[in-house]
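> Structure file final_32.txt (compact mmCIF, C-alpha atoms) right here:
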# COMPACT_ATOMS: atom_id res chain seq x y z
CA GLY C 1 -3.53 -8.89 25.51
CA ALA C 2 -7.14 -8.77 24.47
CA LEU C 3 -8.28 -5.49 22.94
CA VAL C 4 -11.43 -4.27 21.27
CA TYR C 5 -11.34 -1.31 18.93
CA GLN C 6 -14.61 0.46 18.32
CA TYR C 7 -15.27 3.25 15.82
CA PRO C 8 -16.39 5.85 15.16
CA ARG C 9 -16.00 7.39 18.60
CA ARG C 10 -18.57 10.08 17.91
CA THR C 11 -21.25 10.67 15.34
CA ILE C 12 -23.71 13.49 14.88
CA CYS C 13 -26.56 12.68 12.54
CA LYS C 14 -29.82 14.19 11.48
CA SER C 15 -33.12 12.67 12.55
CA GLY C 16 -34.15 9.87 10.26
CA THR C 17 -30.66 9.04 9.06
CA SER C 18 -28.60 6.01 10.04
CA MET C 19 -25.33 5.38 11.83
CA ARG C 20 -23.09 2.36 11.54
CA MET C 21 -20.53 1.39 14.16
CA GLU C 22 -17.88 -1.29 14.06
CA CYS C 23 -15.90 -3.37 16.51
CA GLN C 24 -12.62 -5.11 15.91
CA ALA C 25 -11.25 -7.71 18.32
CA VAL C 26 -7.47 -7.95 18.54
CA GLY C 27 -5.53 -10.63 20.34
CA PHE C 28 -8.40 -13.06 20.78
CA GLN C 29 -11.24 -14.64 18.90
CA ALA C 30 -14.54 -12.91 19.58
CA THR C 31 -16.92 -15.86 19.62
CA SER C 32 -19.68 -13.68 21.00
CA VAL C 33 -20.30 -9.94 20.84
CA ALA C 34 -22.80 -8.02 22.91
CA TRP C 35 -24.02 -4.56 21.93
CA TYR C 36 -25.16 -2.12 24.61
CA ARG C 37 -26.65 1.34 24.75
CA GLN C 38 -26.31 3.82 27.58
CA SER C 39 -28.92 6.50 27.23
CA PRO C 40 -28.38 9.81 29.06
CA GLN C 41 -28.55 9.34 32.84
CA LYS C 42 -29.09 5.60 32.52
CA THR C 43 -27.10 2.42 32.78
CA PHE C 44 -26.14 0.11 29.97
CA GLU C 45 -28.99 -1.76 28.31
CA LEU C 46 -28.25 -4.91 26.36
CA ILE C 47 -29.44 -4.57 22.77
CA ALA C 48 -28.45 -7.96 21.42
CA LEU C 49 -26.04 -10.82 21.83
CA SER C 50 -24.39 -12.22 18.74
CA THR C 51 -22.61 -15.58 18.80
CA VAL C 52 -20.80 -16.91 15.76
CA ASN C 53 -22.75 -19.72 14.11
CA SER C 54 -25.88 -18.91 16.13
CA ALA C 55 -28.81 -16.61 15.60
CA ILE C 56 -28.50 -13.10 17.02
CA LYS C 57 -30.68 -12.68 20.12
CA TYR C 58 -32.30 -9.30 20.58
CA GLU C 59 -33.57 -8.07 23.91
CA GLN C 60 -37.07 -6.81 24.45
CA ASN C 61 -37.56 -3.34 22.97
CA PHE C 62 -34.78 -3.85 20.45
CA THR C 63 -35.30 -5.32 16.97
CA GLN C 64 -33.22 -6.44 14.05
CA GLU C 65 -35.17 -4.07 11.85
CA LYS C 66 -33.95 -1.12 13.90
CA PHE C 67 -30.49 -2.37 14.96
CA PRO C 68 -29.20 -4.81 12.32
CA ILE C 69 -26.03 -6.56 13.44
CA SER C 70 -23.38 -8.34 11.42
CA HIS C 71 -20.87 -10.76 12.98
CA PRO C 72 -19.21 -12.38 9.96
CA ASN C 73 -16.06 -13.71 11.62
CA LEU C 74 -14.23 -14.06 14.93
CA SER C 75 -12.68 -10.60 14.83
CA PHE C 76 -15.34 -8.23 13.57
CA SER C 77 -18.87 -7.09 14.32
CA SER C 78 -20.93 -4.12 13.25
CA MET C 79 -24.26 -2.64 14.22
CA THR C 80 -26.33 0.02 12.50
CA VAL C 81 -28.86 2.32 14.11
CA LEU C 82 -31.44 2.81 11.37
CA ASN C 83 -33.65 5.90 11.17
CA ALA C 84 -32.15 7.40 14.28
CA TYR C 85 -34.28 9.74 16.37
CA LEU C 86 -33.77 11.64 19.58
CA GLU C 87 -34.52 8.60 21.77
CA ASP C 88 -31.66 6.71 20.10
CA ARG C 89 -28.99 9.08 21.33
CA GLY C 90 -26.47 7.76 23.78
CA LEU C 91 -23.29 5.78 24.07
CA TYR C 92 -23.16 2.47 22.23
CA LEU C 93 -20.67 -0.12 23.41
CA CYS C 94 -19.64 -3.46 22.05
CA GLY C 95 -18.33 -6.10 24.38
CA ALA C 96 -16.62 -9.20 23.07
CA ARG C 97 -15.99 -12.55 24.71
CA GLY C 98 -13.45 -15.16 23.67
CA GLN C 99 -13.90 -18.87 23.22
CA GLY C 100 -14.13 -20.75 26.48
CA ASN C 101 -14.46 -17.54 28.45
CA THR C 102 -17.48 -17.80 30.67
CA GLY C 103 -18.23 -14.22 31.41
CA GLN C 104 -15.53 -11.63 31.00
CA LEU C 105 -16.26 -9.04 28.37
CA TYR C 106 -13.67 -6.83 26.71
CA PHE C 107 -15.19 -3.52 25.75
CA GLY C 108 -14.48 -1.05 23.02
CA GLU C 109 -14.23 2.67 23.70
CA GLY C 110 -17.82 3.28 22.66
CA SER C 111 -19.57 5.19 19.91
CA LYS C 112 -21.44 8.26 21.04
CA LEU C 113 -24.47 9.10 18.95
CA THR C 114 -25.96 12.57 18.91
CA VAL C 115 -29.15 13.06 16.93
CA LEU C 116 -30.14 16.51 15.74
CA GLY O 1 -36.71 -10.16 35.44
CA GLN O 2 -33.05 -10.29 36.09
CA GLN O 3 -31.86 -7.37 38.19
CA VAL O 4 -28.62 -6.00 39.44
CA GLN O 5 -28.99 -3.74 42.46
CA GLN O 6 -26.06 -1.49 43.11
CA SER O 7 -25.58 0.62 46.21
CA PRO O 8 -25.13 3.32 47.19
CA ALA O 9 -26.32 5.29 44.19
CA SER O 10 -23.96 8.09 45.13
CA LEU O 11 -21.24 8.57 47.69
CA VAL O 12 -19.27 11.59 48.83
CA LEU O 13 -16.02 11.04 50.71
CA GLN O 14 -13.21 13.07 52.11
CA GLU O 15 -9.87 12.18 50.60
CA GLY O 16 -8.27 9.38 52.60
CA GLU O 17 -11.54 7.73 53.60
CA ASN O 18 -12.47 4.24 52.50
CA ALA O 19 -15.39 3.34 50.24
CA GLU O 20 -17.47 0.19 50.08
CA LEU O 21 -19.62 -0.37 47.01
CA GLN O 22 -22.12 -3.22 46.84
CA CYS O 23 -23.87 -5.23 44.18
CA ASN O 24 -26.65 -7.70 44.77
CA PHE O 25 -28.12 -9.96 42.14
CA SER O 26 -31.66 -11.27 41.96
CA THR O 27 -30.76 -14.44 40.04
CA SER O 28 -27.94 -16.90 40.04
CA LEU O 29 -24.88 -15.65 38.28
CA ASN O 30 -21.97 -17.17 36.48
CA SER O 31 -19.48 -14.39 37.08
CA MET O 32 -19.25 -10.68 37.54
CA GLN O 33 -17.10 -7.68 36.63
CA TRP O 34 -16.46 -4.26 38.10
CA PHE O 35 -15.90 -1.29 35.83
CA TYR O 36 -14.92 2.33 36.15
CA GLN O 37 -16.58 4.59 33.62
CA ARG O 38 -14.43 7.46 32.42
CA PRO O 39 -16.04 10.89 32.00
CA GLY O 40 -16.03 10.36 28.24
CA GLY O 41 -18.05 7.16 28.69
CA SER O 42 -15.58 4.40 27.99
CA LEU O 43 -15.23 1.56 30.48
CA VAL O 44 -12.14 0.48 32.36
CA SER O 45 -12.32 -3.09 33.58
CA LEU O 46 -11.28 -3.16 37.23
CA PHE O 47 -11.95 -6.78 38.12
CA TYR O 48 -13.27 -9.90 36.53
CA ASN O 49 -14.16 -11.78 39.66
CA PRO O 50 -16.22 -14.97 39.40
CA SER O 51 -15.69 -15.73 43.08
CA GLY O 52 -13.50 -14.98 46.04
CA THR O 53 -11.36 -11.94 46.65
CA LYS O 54 -9.07 -10.09 44.28
CA GLN O 55 -6.89 -7.09 45.01
CA SER O 56 -5.26 -4.55 42.81
CA GLY O 57 -3.50 -1.70 44.57
CA ARG O 58 -6.04 0.14 46.70
CA LEU O 59 -8.96 -1.76 45.19
CA THR O 60 -10.34 -5.04 46.51
CA SER O 61 -13.23 -7.01 45.04
CA THR O 62 -15.03 -9.80 46.86
CA THR O 63 -17.68 -11.97 45.22
CA VAL O 64 -19.79 -14.52 47.08
CA ILE O 65 -21.63 -16.41 44.36
CA LYS O 66 -23.96 -18.41 46.60
CA GLU O 67 -25.09 -15.20 48.31
CA ARG O 68 -25.43 -13.42 44.96
CA ARG O 69 -23.39 -10.42 45.96
CA SER O 70 -20.16 -8.65 45.22
CA SER O 71 -18.39 -5.69 46.76
CA LEU O 72 -15.71 -3.25 45.72
CA HIS O 73 -13.59 -1.71 48.44
CA ILE O 74 -11.53 1.41 47.78
CA SER O 75 -9.05 2.18 50.50
CA SER O 76 -7.49 5.58 51.18
CA SER O 77 -9.58 7.26 48.52
CA GLN O 78 -8.06 9.94 46.30
CA THR O 79 -9.71 12.70 44.30
CA THR O 80 -8.75 10.85 41.12
CA ASP O 81 -11.01 7.97 42.22
CA SER O 82 -14.04 10.17 41.56
CA GLY O 83 -16.35 8.88 38.89
CA THR O 84 -18.89 6.17 38.18
CA TYR O 85 -18.38 2.56 39.20
CA LEU O 86 -20.45 -0.15 37.57
CA CYS O 87 -20.88 -3.79 38.39
CA ALA O 88 -22.07 -6.27 35.80
CA MET O 89 -23.16 -9.85 36.19
CA ALA O 90 -22.95 -12.65 33.66
CA THR O 91 -25.93 -14.97 33.77
CA ASN O 92 -25.77 -18.64 33.03
CA ALA O 93 -26.83 -17.71 29.51
CA TYR O 94 -23.69 -15.58 29.31
CA LYS O 95 -25.64 -12.38 29.08
CA VAL O 96 -23.99 -9.54 30.97
CA ILE O 97 -26.30 -7.17 32.80
CA PHE O 98 -25.16 -3.88 34.32
CA GLY O 99 -26.11 -2.21 37.57
CA LYS O 100 -27.08 1.45 37.59
CA GLY O 101 -23.75 2.51 39.01
CA THR O 102 -22.35 4.30 42.04
CA HIS O 103 -21.33 7.91 41.52
CA LEU O 104 -18.34 8.52 43.75
CA HIS O 105 -17.11 11.99 44.58
CA VAL O 106 -13.94 12.33 46.61
CA LEU O 107 -13.33 15.77 48.07
CA PRO O 108 -9.81 17.16 48.57
For this file, produce the structure as structure tokens.


Amino acid sequence: GALVYQYPRRTICKSGTSMRMECQAVGFQATSVAWYRQSPQKTFELIALSTVNSAIKYEQNFTQEKFPISHPNLSFSSMTVLNAYLEDRGLYLCGARGQGNTGQLYFGEGSKLTVL
Amino acid sequence: GQQVQQSPASLVLQEGENAELQCNFSTSLNSMQWFYQRPGGSLVSLFYNPSGTKQSGRLTSTTVIKERRSSLHISSSQTTDSGTYLCAMATNAYKVIFGKGTHLHVLP
């Protein structure tokens, strides 16, 4: 079946430092990967959508300068939270979609970021 | 903007009662999914339901695309059903947008 492995599961970092998280798709080709953030007491916000061979599309309030994303092949994607501050804390999820799949996302377990 | 309205925001049931969760979408959608969010935060996909009705055990999902709505029915609720249920819609641009969730609490 289709699986997405996401790591690290938890990170605690100091204000101003950065955190990188990775997603690995197993059992299917991840033609597009969406990165989300769930801040405390909120729902999931889409940060950006990355499609292989296309430019990465960032949502309003999220920038490449702050959340650079790499999607080098059909099985791997990474995102970094640069200069993390308190407002960046939350649960970050990657969701991957296979070729020809029109909507179903397979999610990783999430990376929880705590900023001190 | 594109919105997903999920209701009710919270629900308290006695064990054995049924639950009906709703999602309404402000724009046309390509498909939708229902998720259960574990206490640790990770998501369990319950249904990928572009249209029609799907059933899995005590759970039933019904999506009516032209009416821009979807529902999740939980029959004979159990205490282990407690948690947060999220619906998410995929737009024609293949973006997936989440609702704010329904927090379900089933009492013994």

> Need the neighbours of (-16.0, -13.0, 50.2): which residues are at most 9 Å away, counting all atoms listed in the file, as a count of residues only?

11

> Which residue, O:Thr27, O:Gln5, O:Thr102, O:Gln55, has the smallest gap to O:Gly83 when you use all atoms listed in the file?

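The closest residue to O:Gly83 is O:Thr102.
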
> From the list C:Val81, C:Ile47, C:Leu91, C:Ala96, which residue is nearest chain O when using only C-alpha atoms?

C:Leu91

> Using all atoms listed in the file, which of C:Arg20, C:Leu113, C:Glu45, C:Ala55 sits nearest O:Gln3?

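Of the candidates, the smallest distance to O:Gln3 is held by C:Glu45.
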
> Residues of chain O no more than 7 Å from chain C, counting all atoms listed in the file: send them over as an mmCIF file with C-alpha atoms, in the frame of the given file.


data_model
loop_
_atom_site.group_PDB
_atom_site.id
_atom_site.type_symbol
_atom_site.label_atom_id
_atom_site.label_comp_id
_atom_site.auth_asym_id
_atom_site.auth_seq_id
_atom_site.Cartn_x
_atom_site.Cartn_y
_atom_site.Cartn_z
ATOM 1 C CA ASN O 30 -21.970 -17.170 36.480
ATOM 2 C CA SER O 31 -19.480 -14.390 37.080
ATOM 3 C CA SER O 42 -15.580 4.400 27.990
ATOM 4 C CA LEU O 43 -15.230 1.560 30.480
ATOM 5 C CA TYR O 48 -13.270 -9.900 36.530
ATOM 6 C CA ALA O 90 -22.950 -12.650 33.660
ATOM 7 C CA TYR O 94 -23.690 -15.580 29.310
ATOM 8 C CA PHE O 98 -25.160 -3.880 34.320
ATOM 9 C CA GLY O 99 -26.110 -2.210 37.570
ATOM 10 C CA LYS O 100 -27.080 1.450 37.590
#

> One decimal, in Å: what's the spacing between atom CA of O:Leu59 and atom CA of O:Ala88?

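Here the two named atoms are 16.7 Å from each other.
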
> Taking 5 positions as the minimum chain separation for residues in the same chain, which residues sit within 9 Å of O:Leu29 when counting all atoms listed in the file? Answer as a list in words.

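The residues satisfying every condition are Pro50, Ile65, Lys66, Arg68, Met89, Ala90, Thr91 and Asn92 of chain O.
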
> Write out as JSON, numbers by chain which residues come within 7 Å of stretch 64-67 of chain C when counting all atoms listed in the file, dropping same-chain ones fewer than 5 positions away.

{"C": [79, 80, 81, 82]}

> Counting only C-alpha atoms, which of C:Ser39, C:Ser70, C:Gln29, C:Asn61 gets nearest to C:Gly1?

C:Gln29

> One decimal, Å: what's the distance from atom CA of O:Asp81 over to atom CA of O:Trp34, could you say?

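For atom CA of O:Asp81 relative to atom CA of O:Trp34, the distance reads 14.0 Å.
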
> Grab the atom CA of O:Leu107 to atom CA of O:Thr60 distance for me, in Å with one decimal place.

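Computed distance, atom CA of O:Leu107 to atom CA of O:Thr60, equals 21.1 Å.
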
> List as number ranges by chain the protein and nucleic acid residues near O:Val106, meaning an atom at most 12 Å away when all atoms listed in the file are counted, but skip any in the same chain fewer than 6 places from it.

O: 10-19, 74-84

> Calculate, to one decimal in Å, the centre and edge lengths of the box along x, y and z of the file that holds all listed atoms of stretch 2-16 of chain C with 3 Å of margin on each side, and present them as JSON.


{"center_x": -20.6, "center_y": 2.7, "center_z": 17.4, "size_x": 33.0, "size_y": 29.0, "size_z": 20.2}

> Would you please work out which residue, of O:Arg38, O:Phe47, O:Glu67, O:Pro8, is nearest to O:Ser26 when using only C-alpha atoms?

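Among the listed residues, O:Glu67 lies closest to O:Ser26.
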
> Could you pull out every residue with an atom within 7 Å of (-29.1, 7.2, 14.7), file coordinates, counting all atoms listed in the file, and send them as a PyMOL selection string?

chain C and resi 13+17-19+81-85+88-89+113+115

> For the residues selected in the previous step, produce a file with C-alpha atoms as a PDB file, in the coordinates of the input.


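Just written: result.pdb:
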ATOM      1  CA  CYS C  13     -26.560  12.680  12.540  1.00  0.00           C
ATOM      2  CA  THR C  17     -30.660   9.040   9.060  1.00  0.00           C
ATOM      3  CA  SER C  18     -28.600   6.010  10.040  1.00  0.00           C
ATOM      4  CA  MET C  19     -25.330   5.380  11.830  1.00  0.00           C
ATOM      5  CA  VAL C  81     -28.860   2.320  14.110  1.00  0.00           C
ATOM      6  CA  LEU C  82     -31.440   2.810  11.370  1.00  0.00           C
ATOM      7  CA  ASN C  83     -33.650   5.900  11.170  1.00  0.00           C
ATOM      8  CA  ALA C  84     -32.150   7.400  14.280  1.00  0.00           C
ATOM      9  CA  TYR C  85     -34.280   9.740  16.370  1.00  0.00           C
ATOM     10  CA  ASP C  88     -31.660   6.710  20.100  1.00  0.00           C
ATOM     11  CA  ARG C  89     -28.990   9.080  21.330  1.00  0.00           C
ATOM     12  CA  LEU C 113     -24.470   9.100  18.950  1.00  0.00           C
ATOM     13  CA  VAL C 115     -29.150  13.060  16.930  1.00  0.00           C
TER      14      VAL C 115
END

> From the block you just saw, export stretch 51-69 of chain O: N, CA and C atoms, as a compact mmCIF listing (two decimals), in the first residue's frame.


# COMPACT_ATOMS: atom_id res chain seq x y z
N SER O 51 -17.54 10.98 -4.25
CA SER O 51 -18.99 11.11 -4.41
C SER O 51 -19.66 9.85 -3.91
N GLY O 52 -20.94 9.98 -3.59
CA GLY O 52 -21.68 8.81 -3.18
C GLY O 52 -21.46 8.45 -1.73
N THR O 53 -21.78 7.21 -1.42
CA THR O 53 -21.73 6.73 -0.04
C THR O 53 -20.75 5.58 0.09
N LYS O 54 -19.94 5.67 1.16
CA LYS O 54 -19.01 4.59 1.47
C LYS O 54 -19.18 4.22 2.93
N GLN O 55 -19.02 2.94 3.21
CA GLN O 55 -19.18 2.47 4.59
C GLN O 55 -17.98 1.63 4.99
N SER O 56 -17.60 1.83 6.25
CA SER O 56 -16.55 1.01 6.81
C SER O 56 -16.90 0.76 8.27
N GLY O 57 -17.37 -0.44 8.55
CA GLY O 57 -17.77 -0.75 9.92
C GLY O 57 -18.92 0.14 10.37
N ARG O 58 -18.70 0.85 11.47
CA ARG O 58 -19.75 1.73 12.01
C ARG O 58 -19.73 3.12 11.38
N LEU O 59 -18.82 3.36 10.46
CA LEU O 59 -18.68 4.67 9.85
C LEU O 59 -19.26 4.66 8.44
N THR O 60 -19.99 5.73 8.11
CA THR O 60 -20.53 5.90 6.77
C THR O 60 -20.28 7.33 6.31
N SER O 61 -19.76 7.47 5.12
CA SER O 61 -19.52 8.79 4.56
C SER O 61 -20.36 8.97 3.32
N THR O 62 -21.02 10.12 3.21
CA THR O 62 -21.82 10.43 2.03
C THR O 62 -21.41 11.80 1.50
N THR O 63 -21.04 11.85 0.23
CA THR O 63 -20.66 13.10 -0.41
C THR O 63 -21.62 13.38 -1.57
N VAL O 64 -22.13 14.61 -1.59
CA VAL O 64 -22.98 15.06 -2.70
C VAL O 64 -22.26 16.24 -3.33
N ILE O 65 -21.53 15.96 -4.39
CA ILE O 65 -20.66 16.97 -5.00
C ILE O 65 -21.44 18.20 -5.43
N LYS O 66 -22.56 17.99 -6.13
CA LYS O 66 -23.28 19.13 -6.69
C LYS O 66 -23.86 20.02 -5.60
N GLU O 67 -24.06 19.47 -4.41
CA GLU O 67 -24.56 20.26 -3.29
C GLU O 67 -23.42 20.73 -2.39
N ARG O 68 -22.21 20.36 -2.74
CA ARG O 68 -21.01 20.81 -2.02
C ARG O 68 -21.08 20.45 -0.55
N ARG O 69 -21.39 19.24 -0.26
CA ARG O 69 -21.46 18.81 1.13
C ARG O 69 -21.06 17.35 1.28
